[in-house]
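Trainee: Next up, structure-v9.cif (mmCIF, C-alpha atoms).
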```
data_query
loop_
_atom_site.group_PDB
_atom_site.id
_atom_site.type_symbol
_atom_site.label_atom_id
_atom_site.label_comp_id
_atom_site.auth_asym_id
_atom_site.auth_seq_id
_atom_site.Cartn_x
_atom_site.Cartn_y
_atom_site.Cartn_z
ATOM 1 C CA MET A 1 98.150 98.508 87.068
ATOM 2 C CA ASP A 2 99.612 95.052 86.598
ATOM 3 C CA SER A 3 97.654 92.222 85.014
ATOM 4 C CA ALA A 4 94.637 91.536 87.149
ATOM 5 C CA SER A 5 94.133 87.821 87.409
ATOM 6 C CA SER A 6 92.002 86.712 90.311
ATOM 7 C CA GLU A 7 95.165 85.425 92.000
ATOM 8 C CA THR A 8 96.842 88.818 91.901
ATOM 9 C CA VAL A 9 96.628 90.744 95.119
ATOM 10 C CA PRO A 10 96.884 94.482 94.536
ATOM 11 C CA GLY A 11 99.570 96.272 96.478
ATOM 12 C CA PRO A 12 103.190 97.295 96.426
ATOM 13 C CA ARG A 13 106.002 94.927 95.553
ATOM 14 C CA SER A 14 107.707 93.772 98.730
ATOM 15 C CA GLU A 15 110.780 95.909 97.947
ATOM 16 C CA ASP A 16 108.509 98.962 97.744
ATOM 17 C CA ALA A 17 107.131 98.519 101.264
ATOM 18 C CA LEU A 18 107.834 101.327 103.718
ATOM 19 C CA PRO A 19 109.476 100.424 107.026
ATOM 20 C CA SER A 20 106.989 99.968 109.858
ATOM 21 C CA SER A 21 108.727 102.892 111.571
ATOM 22 C CA ALA A 22 107.306 105.317 108.972
ATOM 23 C CA THR A 23 105.103 107.618 111.019
ATOM 24 C CA ALA A 24 104.567 110.801 109.036
ATOM 25 C CA ALA A 25 104.429 111.950 105.454
ATOM 26 C CA VAL A 26 104.687 115.303 103.731
ATOM 27 C CA LYS A 27 103.744 116.270 100.218
ATOM 28 C CA LEU A 28 104.995 118.540 97.484
ATOM 29 C CA VAL A 29 103.134 119.266 94.258
ATOM 30 C CA VAL A 30 104.591 119.757 90.774
ATOM 31 C CA VAL A 31 102.356 121.855 88.544
ATOM 32 C CA GLY A 32 102.802 122.808 84.920
ATOM 33 C CA GLY A 33 101.295 122.540 81.474
ATOM 34 C CA PHE A 34 100.745 119.447 79.378
ATOM 35 C CA GLY A 35 103.973 117.691 78.400
ATOM 36 C CA VAL A 36 106.256 119.963 80.394
ATOM 37 C CA GLY A 37 107.871 117.010 82.158
ATOM 38 C CA LYS A 38 106.081 116.736 85.508
ATOM 39 C CA THR A 39 105.964 112.954 85.521
ATOM 40 C CA THR A 40 109.540 112.857 84.220
ATOM 41 C CA LEU A 41 110.649 114.886 87.218
ATOM 42 C CA VAL A 42 108.661 112.725 89.625
ATOM 43 C CA ARG A 43 110.122 109.561 88.084
ATOM 44 C CA ALA A 44 113.667 110.941 88.258
ATOM 45 C CA VAL A 45 113.623 111.247 92.048
ATOM 46 C CA SER A 46 111.045 108.639 93.109
ATOM 47 C CA GLU A 47 112.078 105.411 94.829
ATOM 48 C CA ILE A 48 108.994 103.684 93.400
ATOM 49 C CA ARG A 49 107.750 103.565 89.841
ATOM 50 C CA PRO A 50 105.318 106.499 89.680
ATOM 51 C CA LEU A 51 101.742 105.527 90.459
ATOM 52 C CA THR A 52 98.548 107.114 89.206
ATOM 53 C CA THR A 53 95.628 107.989 91.392
ATOM 54 C CA GLU A 54 92.501 109.781 90.380
ATOM 55 C CA GLU A 55 89.546 111.700 91.649
ATOM 56 C CA THR A 56 86.193 112.380 90.088
ATOM 57 C CA MET A 57 85.266 116.027 90.138
ATOM 58 C CA THR A 58 81.593 116.731 90.052
ATOM 59 C CA GLN A 59 80.703 120.273 89.209
ATOM 60 C CA ALA A 60 77.201 121.606 89.299
ATOM 61 C CA GLY A 61 76.507 122.813 85.794
ATOM 62 C CA ALA A 62 75.814 126.494 85.357
ATOM 63 C CA ASP A 63 72.851 125.688 83.162
ATOM 64 C CA VAL A 64 69.661 124.064 84.299
ATOM 65 C CA ASP A 65 67.853 121.724 81.979
ATOM 66 C CA ASP A 66 64.562 123.493 81.315
ATOM 67 C CA ASN A 67 62.703 120.314 80.450
ATOM 68 C CA THR A 68 63.302 118.516 83.705
ATOM 69 C CA GLY A 69 64.383 121.234 86.072
ATOM 70 C CA VAL A 70 67.222 118.961 87.079
ATOM 71 C CA GLU A 71 70.517 120.668 87.569
ATOM 72 C CA ARG A 72 73.120 119.254 85.251
ATOM 73 C CA LYS A 73 76.330 118.009 86.699
ATOM 74 C CA THR A 74 79.509 117.341 84.822
ATOM 75 C CA ALA A 75 81.932 114.709 86.037
ATOM 76 C CA THR A 76 85.582 114.886 85.136
ATOM 77 C CA THR A 77 88.217 112.426 86.166
ATOM 78 C CA VAL A 78 91.447 114.091 87.156
ATOM 79 C CA ALA A 79 94.465 111.803 87.265
ATOM 80 C CA MET A 80 97.550 112.480 89.294
ATOM 81 C CA ASP A 81 100.938 110.805 88.994
ATOM 82 C CA PHE A 82 102.988 110.592 92.121
ATOM 83 C CA GLY A 83 106.214 109.228 93.493
ATOM 84 C CA ARG A 84 107.761 108.690 96.885
ATOM 85 C CA ILE A 85 111.037 109.401 98.647
ATOM 86 C CA SER A 86 111.797 107.947 102.087
ATOM 87 C CA LEU A 87 113.597 110.779 103.850
ATOM 88 C CA ASN A 88 114.515 108.796 106.944
ATOM 89 C CA GLU A 89 113.097 105.908 108.960
ATOM 90 C CA GLU A 90 110.109 107.978 110.092
ATOM 91 C CA LEU A 91 109.469 110.615 107.449
ATOM 92 C CA VAL A 92 108.251 110.036 103.890
ATOM 93 C CA LEU A 93 107.943 112.594 101.093
ATOM 94 C CA TYR A 94 105.296 112.250 98.385
ATOM 95 C CA LEU A 95 105.618 114.186 95.170
ATOM 96 C CA PHE A 96 102.449 114.745 93.138
ATOM 97 C CA GLY A 97 102.507 115.727 89.482
ATOM 98 C CA THR A 98 99.296 117.360 88.337
ATOM 99 C CA PRO A 99 97.802 116.601 84.940
ATOM 100 C CA GLY A 100 97.489 118.969 82.029
ATOM 101 C CA GLN A 101 93.983 120.284 82.645
ATOM 102 C CA GLU A 102 95.010 123.047 84.982
ATOM 103 C CA ARG A 103 91.509 124.316 85.630
ATOM 104 C CA PHE A 104 90.759 121.158 87.590
ATOM 105 C CA TRP A 105 93.745 121.075 89.904
ATOM 106 C CA PHE A 106 92.312 123.494 92.350
ATOM 107 C CA LEU A 107 88.968 121.707 92.518
ATOM 108 C CA TRP A 108 90.758 118.749 94.053
ATOM 109 C CA ASN A 109 90.310 119.618 97.695
ATOM 110 C CA GLY A 110 93.080 118.044 99.619
ATOM 111 C CA LEU A 111 95.709 118.100 96.923
ATOM 112 C CA PHE A 112 97.122 121.439 97.987
ATOM 113 C CA ASP A 113 95.808 121.344 101.565
ATOM 114 C CA GLY A 114 98.757 120.584 103.742
ATOM 115 C CA ALA A 115 101.244 120.597 100.875
ATOM 116 C CA LEU A 116 104.529 122.106 102.015
ATOM 117 C CA GLY A 117 104.945 123.837 98.690
ATOM 118 C CA ALA A 118 104.887 123.539 94.929
ATOM 119 C CA VAL A 119 107.211 123.526 91.954
ATOM 120 C CA VAL A 120 105.898 125.330 88.869
ATOM 121 C CA LEU A 121 107.585 123.527 85.992
ATOM 122 C CA VAL A 122 107.739 125.638 82.835
ATOM 123 C CA ASP A 123 108.676 125.186 79.203
ATOM 124 C CA THR A 124 110.173 128.347 77.684
ATOM 125 C CA ARG A 125 108.116 127.743 74.547
ATOM 126 C CA ARG A 126 104.843 127.978 76.466
ATOM 127 C CA LEU A 127 105.323 130.374 79.332
ATOM 128 C CA GLU A 128 101.724 131.589 79.174
ATOM 129 C CA VAL A 129 100.460 128.327 80.696
ATOM 130 C CA SER A 130 102.217 129.249 83.934
ATOM 131 C CA PHE A 131 100.499 132.565 84.644
ATOM 132 C CA ASP A 132 97.161 131.161 85.757
ATOM 133 C CA VAL A 133 98.869 128.483 87.836
ATOM 134 C CA MET A 134 101.065 130.922 89.709
ATOM 135 C CA GLY A 135 98.113 133.213 90.365
ATOM 136 C CA ARG A 136 96.115 130.342 91.823
ATOM 137 C CA LEU A 137 98.988 129.164 94.002
ATOM 138 C CA GLU A 138 99.289 132.685 95.382
ATOM 139 C CA GLU A 139 95.538 132.771 96.096
ATOM 140 C CA ALA A 140 95.791 129.423 97.866
ATOM 141 C CA SER A 141 98.838 130.625 99.843
ATOM 142 C CA VAL A 142 100.923 127.721 98.606
ATOM 143 C CA PRO A 143 104.585 128.762 98.469
ATOM 144 C CA PHE A 144 106.309 127.870 95.211
ATOM 145 C CA ILE A 145 109.434 128.134 93.118
ATOM 146 C CA VAL A 146 109.718 128.105 89.323
ATOM 147 C CA ALA A 147 111.799 125.447 87.552
ATOM 148 C CA VAL A 148 112.524 125.805 83.846
ATOM 149 C CA ASN A 149 112.792 122.399 82.208
ATOM 150 C CA ALA A 150 115.600 122.872 79.711
ATOM 151 C CA PHE A 151 114.352 120.966 76.702
ATOM 152 C CA PRO A 152 117.291 120.591 74.285
ATOM 153 C CA GLU A 153 115.218 121.907 71.394
ATOM 154 C CA ALA A 154 113.779 124.874 73.314
ATOM 155 C CA PRO A 155 115.467 128.265 73.211
ATOM 156 C CA SER A 156 117.333 129.117 76.382
ATOM 157 C CA TYR A 157 117.109 132.543 77.944
ATOM 158 C CA PRO A 158 118.926 134.135 80.848
ATOM 159 C CA VAL A 159 117.040 133.387 84.062
ATOM 160 C CA GLU A 160 116.438 137.085 84.717
ATOM 161 C CA ASP A 161 114.795 137.474 81.304
ATOM 162 C CA LEU A 162 112.495 134.604 82.178
ATOM 163 C CA ARG A 163 111.738 136.230 85.505
ATOM 164 C CA ASP A 164 110.675 139.374 83.671
ATOM 165 C CA ALA A 165 108.640 137.400 81.146
ATOM 166 C CA LEU A 166 106.854 135.572 83.970
ATOM 167 C CA ASP A 167 106.416 138.807 85.936
ATOM 168 C CA LEU A 168 107.885 136.946 88.874
ATOM 169 C CA SER A 169 108.778 138.685 92.111
ATOM 170 C CA THR A 170 112.471 138.546 93.019
ATOM 171 C CA SER A 171 111.491 136.742 96.219
ATOM 172 C CA VAL A 172 110.486 133.640 94.218
ATOM 173 C CA PRO A 173 113.471 131.458 93.228
ATOM 174 C CA ILE A 174 113.756 130.371 89.609
ATOM 175 C CA VAL A 175 116.061 127.549 88.519
ATOM 176 C CA VAL A 176 116.887 125.764 85.272
ATOM 177 C CA CYS A 177 116.740 121.973 85.386
ATOM 178 C CA ASP A 178 116.825 118.809 83.326
ATOM 179 C CA ALA A 179 113.812 116.890 84.637
ATOM 180 C CA ARG A 180 115.180 113.632 83.220
ATOM 181 C CA LYS A 181 118.131 113.746 85.591
ATOM 182 C CA ARG A 182 117.877 112.650 89.184
ATOM 183 C CA GLU A 183 120.414 115.128 90.564
ATOM 184 C CA SER A 184 118.938 118.041 88.671
ATOM 185 C CA SER A 185 115.398 117.200 89.803
ATOM 186 C CA ARG A 186 116.626 116.655 93.349
ATOM 187 C CA ASP A 187 118.193 120.132 93.235
ATOM 188 C CA VAL A 188 114.826 121.601 92.196
ATOM 189 C CA LEU A 189 113.213 120.105 95.308
ATOM 190 C CA MET A 190 116.150 121.301 97.372
ATOM 191 C CA THR A 191 115.673 124.857 96.055
ATOM 192 C CA LEU A 192 112.010 124.692 97.048
ATOM 193 C CA MET A 193 112.883 123.450 100.540
ATOM 194 C CA HIS A 194 115.491 126.178 101.051
ATOM 195 C CA HIS A 195 112.893 128.717 99.949
ATOM 196 C CA LEU A 196 110.421 127.276 102.475
ATOM 197 C CA ARG A 197 113.062 127.448 105.168
ATOM 198 C CA SER A 198 113.698 131.117 104.496
ATOM 199 C CA LEU A 199 109.938 131.795 104.534
ATOM 200 C CA ALA A 200 109.574 129.946 107.834
ATOM 201 C CA ALA A 201 112.462 131.932 109.273
ATOM 202 C CA THR A 202 110.692 135.200 108.419
ATOM 203 C CA PRO A 203 107.123 134.615 109.598
ATOM 204 C CA GLU A 204 105.896 138.034 108.494
ATOM 205 C CA ALA A 205 106.376 136.903 104.903
ATOM 206 C CA MET A 206 103.944 133.998 105.292
ATOM 207 C CA MET B 207 101.358 105.982 81.909
ATOM 208 C CA SER B 208 101.540 109.720 82.281
ATOM 209 C CA GLY B 209 97.821 110.109 82.843
ATOM 210 C CA GLU B 210 97.912 113.340 80.905
ATOM 211 C CA GLY B 211 94.512 114.356 79.643
ATOM 212 C CA ARG B 212 92.881 111.131 80.660
ATOM 213 C CA GLU B 213 89.140 111.010 80.305
ATOM 214 C CA TRP B 214 86.541 108.881 81.960
ATOM 215 C CA GLU B 215 87.476 105.333 81.014
ATOM 216 C CA GLY B 216 84.304 103.455 81.709
ATOM 217 C CA GLU B 217 85.903 100.535 83.563
ATOM 218 C CA GLU B 218 84.891 101.918 86.917
ATOM 219 C CA THR B 219 81.321 102.761 86.159
ATOM 220 C CA PRO B 220 79.533 105.051 88.588
ATOM 221 C CA GLU B 221 77.251 102.100 89.380
ATOM 222 C CA ARG B 222 80.157 99.909 90.438
ATOM 223 C CA LEU B 223 81.596 102.662 92.624
ATOM 224 C CA TYR B 224 78.143 103.144 94.144
ATOM 225 C CA VAL B 225 77.956 99.469 95.051
ATOM 226 C CA ILE B 226 81.437 99.393 96.584
ATOM 227 C CA THR B 227 80.652 102.219 98.962
ATOM 228 C CA GLY B 228 76.996 101.383 99.528
ATOM 229 C CA GLY B 229 76.123 104.676 97.883
ATOM 230 C CA ARG B 230 77.971 106.826 100.393
ATOM 231 C CA THR B 231 79.920 109.781 99.144
ATOM 232 C CA ASP B 232 81.547 111.139 102.272
ATOM 233 C CA SER B 233 83.863 113.953 101.402
ATOM 234 C CA PRO B 234 87.560 113.354 102.087
ATOM 235 C CA GLU B 235 87.369 116.190 104.593
ATOM 236 C CA ALA B 236 84.729 114.289 106.557
ATOM 237 C CA THR B 237 86.992 111.289 106.942
ATOM 238 C CA GLY B 238 89.906 113.449 108.058
ATOM 239 C CA LEU B 239 92.188 111.573 105.696
ATOM 240 C CA ASP B 240 94.809 113.293 103.616
ATOM 241 C CA LEU B 241 96.312 111.918 100.396
ATOM 242 C CA VAL B 242 99.463 111.223 102.387
ATOM 243 C CA THR B 243 97.932 109.895 105.597
ATOM 244 C CA LEU B 244 99.758 106.602 106.224
ATOM 245 C CA ILE B 245 97.492 103.613 106.868
ATOM 246 C CA VAL B 246 98.608 100.472 108.709
ATOM 247 C CA SER B 247 96.546 97.316 109.239
ATOM 248 C CA ARG B 248 95.731 96.272 112.799
ATOM 249 C CA THR B 249 93.977 93.028 111.912
ATOM 250 C CA ARG B 250 93.998 90.364 109.241
ATOM 251 C CA PRO B 251 91.190 90.225 106.677
ATOM 252 C CA GLY B 252 88.074 88.455 107.939
ATOM 253 C CA VAL B 253 86.277 85.637 106.153
ATOM 254 C CA GLY B 254 83.639 86.867 103.712
ATOM 255 C CA MET B 255 84.846 90.414 103.845
ATOM 256 C CA GLN B 256 84.197 92.647 100.812
ATOM 257 C CA PRO B 257 87.200 92.171 98.452
ATOM 258 C CA GLU B 258 88.209 95.834 98.604
ATOM 259 C CA TYR B 259 88.525 95.709 102.407
ATOM 260 C CA THR B 260 90.543 92.498 102.164
ATOM 261 C CA ALA B 261 92.855 94.092 99.612
ATOM 262 C CA ILE B 262 93.397 97.143 101.816
ATOM 263 C CA LEU B 263 94.160 95.080 104.922
ATOM 264 C CA ARG B 264 96.637 92.962 102.961
ATOM 265 C CA MET B 265 98.481 95.826 101.291
ATOM 266 C CA CYS B 266 98.658 97.842 104.521
ATOM 267 C CA SER B 267 100.640 95.237 106.435
ATOM 268 C CA ALA B 268 103.375 97.872 105.981
ATOM 269 C CA PRO B 269 102.455 101.588 106.118
ATOM 270 C CA LEU B 270 100.968 102.879 102.868
ATOM 271 C CA SER B 271 99.583 106.306 101.952
ATOM 272 C CA VAL B 272 95.951 106.878 100.993
ATOM 273 C CA ALA B 273 97.173 107.896 97.517
ATOM 274 C CA GLU B 274 99.046 104.598 97.076
ATOM 275 C CA ILE B 275 96.068 102.561 98.297
ATOM 276 C CA SER B 276 93.843 104.387 95.822
ATOM 277 C CA ALA B 277 96.346 103.749 93.006
ATOM 278 C CA TYR B 278 96.739 100.043 93.771
ATOM 279 C CA LEU B 279 92.976 99.528 94.151
ATOM 280 C CA GLY B 280 92.353 101.486 90.955
ATOM 281 C CA LEU B 281 89.631 103.438 92.755
ATOM 282 C CA PRO B 282 89.156 107.196 93.091
ATOM 283 C CA VAL B 283 90.562 108.800 96.212
ATOM 284 C CA SER B 284 87.106 109.673 97.569
ATOM 285 C CA VAL B 285 85.885 106.068 97.240
ATOM 286 C CA THR B 286 89.068 104.803 98.864
ATOM 287 C CA GLY B 287 88.455 107.293 101.676
ATOM 288 C CA VAL B 288 84.982 105.891 102.357
ATOM 289 C CA LEU B 289 86.360 102.350 102.560
ATOM 290 C CA LEU B 290 89.177 103.455 104.863
ATOM 291 C CA ALA B 291 86.733 105.302 107.110
ATOM 292 C CA ASP B 292 84.848 102.011 107.584
ATOM 293 C CA LEU B 293 88.037 100.177 108.491
ATOM 294 C CA LEU B 294 89.020 102.975 110.871
ATOM 295 C CA ASP B 295 85.595 102.826 112.546
ATOM 296 C CA GLU B 296 86.014 99.097 113.058
ATOM 297 C CA GLU B 297 89.572 99.673 114.313
ATOM 298 C CA ARG B 298 90.917 97.362 111.647
ATOM 299 C CA VAL B 299 93.431 99.949 110.470
ATOM 300 C CA GLN B 300 95.389 102.727 112.102
ATOM 301 C CA ALA B 301 95.890 106.149 110.490
ATOM 302 C CA ARG B 302 99.146 108.047 110.941
ATOM 303 C CA ASN B 303 98.354 111.622 110.187
ATOM 304 C CA PRO B 304 100.482 113.785 107.934
ATOM 305 C CA ALA B 305 103.026 116.135 109.346
ATOM 306 C CA PRO B 306 101.507 119.503 110.313
ATOM 307 C CA ALA B 307 100.507 121.778 107.444
ATOM 308 C CA LEU B 308 102.502 124.750 108.589
ATOM 309 C CA PRO B 309 106.014 123.427 108.439
ATOM 310 C CA ASP B 310 108.302 124.243 111.268
ATOM 311 C CA ILE B 311 111.990 124.603 110.658
ATOM 312 C CA ALA B 312 112.746 121.148 112.074
ATOM 313 C CA LEU B 313 110.457 119.452 109.583
ATOM 314 C CA ILE B 314 111.922 121.439 106.698
ATOM 315 C CA GLU B 315 115.441 120.569 107.846
ATOM 316 C CA ALA B 316 114.496 116.888 107.992
ATOM 317 C CA VAL B 317 113.267 117.034 104.386
ATOM 318 C CA ILE B 318 116.454 118.826 103.282
ATOM 319 C CA ASP B 319 118.597 116.220 105.079
ATOM 320 C CA GLY B 320 116.703 113.393 103.431
ATOM 321 C CA LEU B 321 116.914 114.938 99.964
ATOM 322 C CA SER B 322 120.633 115.562 100.288
ATOM 323 C CA LYS B 323 121.127 111.797 100.616
ATOM 324 C CA LEU B 324 119.450 111.133 97.281
#
```
Here is a file; write its structure as structure tokens.

Mentor:
Amino acid sequence: MDSASSETVPGPRSEDALPSSATAAVKLVVVGGFGVGKTTLVRAVSEIRPLTTEETMTQAGADVDDNTGVERKTATTVAMDFGRISLNEELVLYLFGTPGQERFWFLWNGLFDGALGAVVLVDTRRLEVSFDVMGRLEEASVPFIVAVNAFPEAPSYPVEDLRDALDLSTSVPIVVCDARKRESSRDVLMTLMHHLRSLAATPEAM
Amino acid sequence: MSGEGREWEGEETPERLYVITGGRTDSPEATGLDLVTLIVSRTRPGVGMQPEYTAILRMCSAPLSVAEISAYLGLPVSVTGVLLADLLDEERVQARNPAPALPDIALIEAVIDGLSKL
């Protein structure tokens, strides 16, 4: 957020305004562990500087305070970085990068509702983070692909070895990317969209 | 700026959020707004209007998503949703609903076309 003097009106810079013809928006979600490069990927393809929005999750505590009988609630703020790509004069794509605390993503009703699909971004040094995420995406019926962010210092493995390590069905595409690069990140989104197209073309797979 | 692992920051105290919304906590589902519903102003801000409403009407002179409005206001999505529901009720803003959840081929093709121009 920019400096907030009383004269400052919050809102996008004029060059970030969407055309008035923008009528519909779609969303994709990038999930992955802490520091795997989600915001980097969003920044690489976004036409605006990534913004951060947040939601407060209130969970009823499992324990009840015996002294008062009042049910304890815990509030957690989940932040979400996102970027935007104008696809044409009418259609806008939003790309949401989830934060590190994966157990909260799926409490955010509305994040995955209506999302076309998801990219599971993985770091070969910490594959285990991805298992829970992929399981939850499957439960939520959100189609996804896996993108391996090729950190220079991380060991590289053949894609099929990674597929085995992730116990990933052959129907789920897996690609290697450099999330810092616009073209590479664009290709990740393209792979997801081609996967969605093939799913849509074979309705029995949905 | 990454927002990774951010905890409650204390600037937006629950009390302040309570005041902004008059204590209402409508769920986002109740308002029918999605994170990517595009909002466009239909009127100019009125005199004496609560500052958050004024800010929304100003920034939505061009279409803006609920997520962007929330980010620029620095308010949680659910609080932003309550404010937008008020403005929708008063017909001060228009909501352009997101593309259908189950993508048809045409929508997917449009996304692919757009991405290929990046």

Trainee: I'd like the contact shell of segment 263-267 of chain B - 12 Å cut-off, only C-alpha atoms, skipping same-chain residues fewer than 6 positions apart - returned as a PyMOL selection string.

Mentor: (chain A and resi 8-14+16-20) or (chain B and resi 244-252+255-257+274-279+289-290+292-294+297-301)

Trainee: Taking all atoms listed in the file into account, which residues of chain A are within 6 Å of chain B, as a PyMOL selection string?

Mentor: chain A and resi 10-11+18+20+23-26+52-55+77+79+87+99-100+114

Trainee: Between A:Val176, A:Ile48, A:Ile85, A:Ala118, which is the closest to Ser156 of chain A once you count only C-alpha atoms?

Mentor: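 Of all the options, A:Val176 lies closest to Ser156 of chain A.
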
Trainee: With the PyMOL selection byres ((chain A and resi 122) around 12) as the selection, what would be picked from this file? Answer as a PyMOL selection string, please.

Mentor: chain A and resi 30-38+41+119-121+123-131+133-134+145-151+154+162-163+165-166+174-179

Trainee: Restricted to C-alpha atoms, what would the selected residues look like written as a short mmCIF file (atom, residue, chain, number, x, y, z; two decimals), in the frame of the given file?

Mentor:
```cif
data_model
loop_
_atom_site.label_atom_id
_atom_site.label_comp_id
_atom_site.auth_asym_id
_atom_site.auth_seq_id
_atom_site.Cartn_x
_atom_site.Cartn_y
_atom_site.Cartn_z
CA VAL A 30 104.59 119.76 90.77
CA VAL A 31 102.36 121.86 88.54
CA GLY A 32 102.80 122.81 84.92
CA GLY A 33 101.30 122.54 81.47
CA PHE A 34 100.74 119.45 79.38
CA GLY A 35 103.97 117.69 78.40
CA VAL A 36 106.26 119.96 80.39
CA GLY A 37 107.87 117.01 82.16
CA LYS A 38 106.08 116.74 85.51
CA LEU A 41 110.65 114.89 87.22
CA VAL A 119 107.21 123.53 91.95
CA VAL A 120 105.90 125.33 88.87
CA LEU A 121 107.58 123.53 85.99
CA ASP A 123 108.68 125.19 79.20
CA THR A 124 110.17 128.35 77.68
CA ARG A 125 108.12 127.74 74.55
CA ARG A 126 104.84 127.98 76.47
CA LEU A 127 105.32 130.37 79.33
CA GLU A 128 101.72 131.59 79.17
CA VAL A 129 100.46 128.33 80.70
CA SER A 130 102.22 129.25 83.93
CA PHE A 131 100.50 132.56 84.64
CA VAL A 133 98.87 128.48 87.84
CA MET A 134 101.06 130.92 89.71
CA ILE A 145 109.43 128.13 93.12
CA VAL A 146 109.72 128.10 89.32
CA ALA A 147 111.80 125.45 87.55
CA VAL A 148 112.52 125.80 83.85
CA ASN A 149 112.79 122.40 82.21
CA ALA A 150 115.60 122.87 79.71
CA PHE A 151 114.35 120.97 76.70
CA ALA A 154 113.78 124.87 73.31
CA LEU A 162 112.50 134.60 82.18
CA ARG A 163 111.74 136.23 85.50
CA ALA A 165 108.64 137.40 81.15
CA LEU A 166 106.85 135.57 83.97
CA ILE A 174 113.76 130.37 89.61
CA VAL A 175 116.06 127.55 88.52
CA VAL A 176 116.89 125.76 85.27
CA CYS A 177 116.74 121.97 85.39
CA ASP A 178 116.82 118.81 83.33
CA ALA A 179 113.81 116.89 84.64
#
```

Trainee: What gap, in Å, lies between atom CA of Gly97 of chain A and atom CA of Asp81 of chain A?

Mentor: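 Taking atom CA of Gly97 of chain A and atom CA of Asp81 of chain A, their separation equals 5.2 Å.
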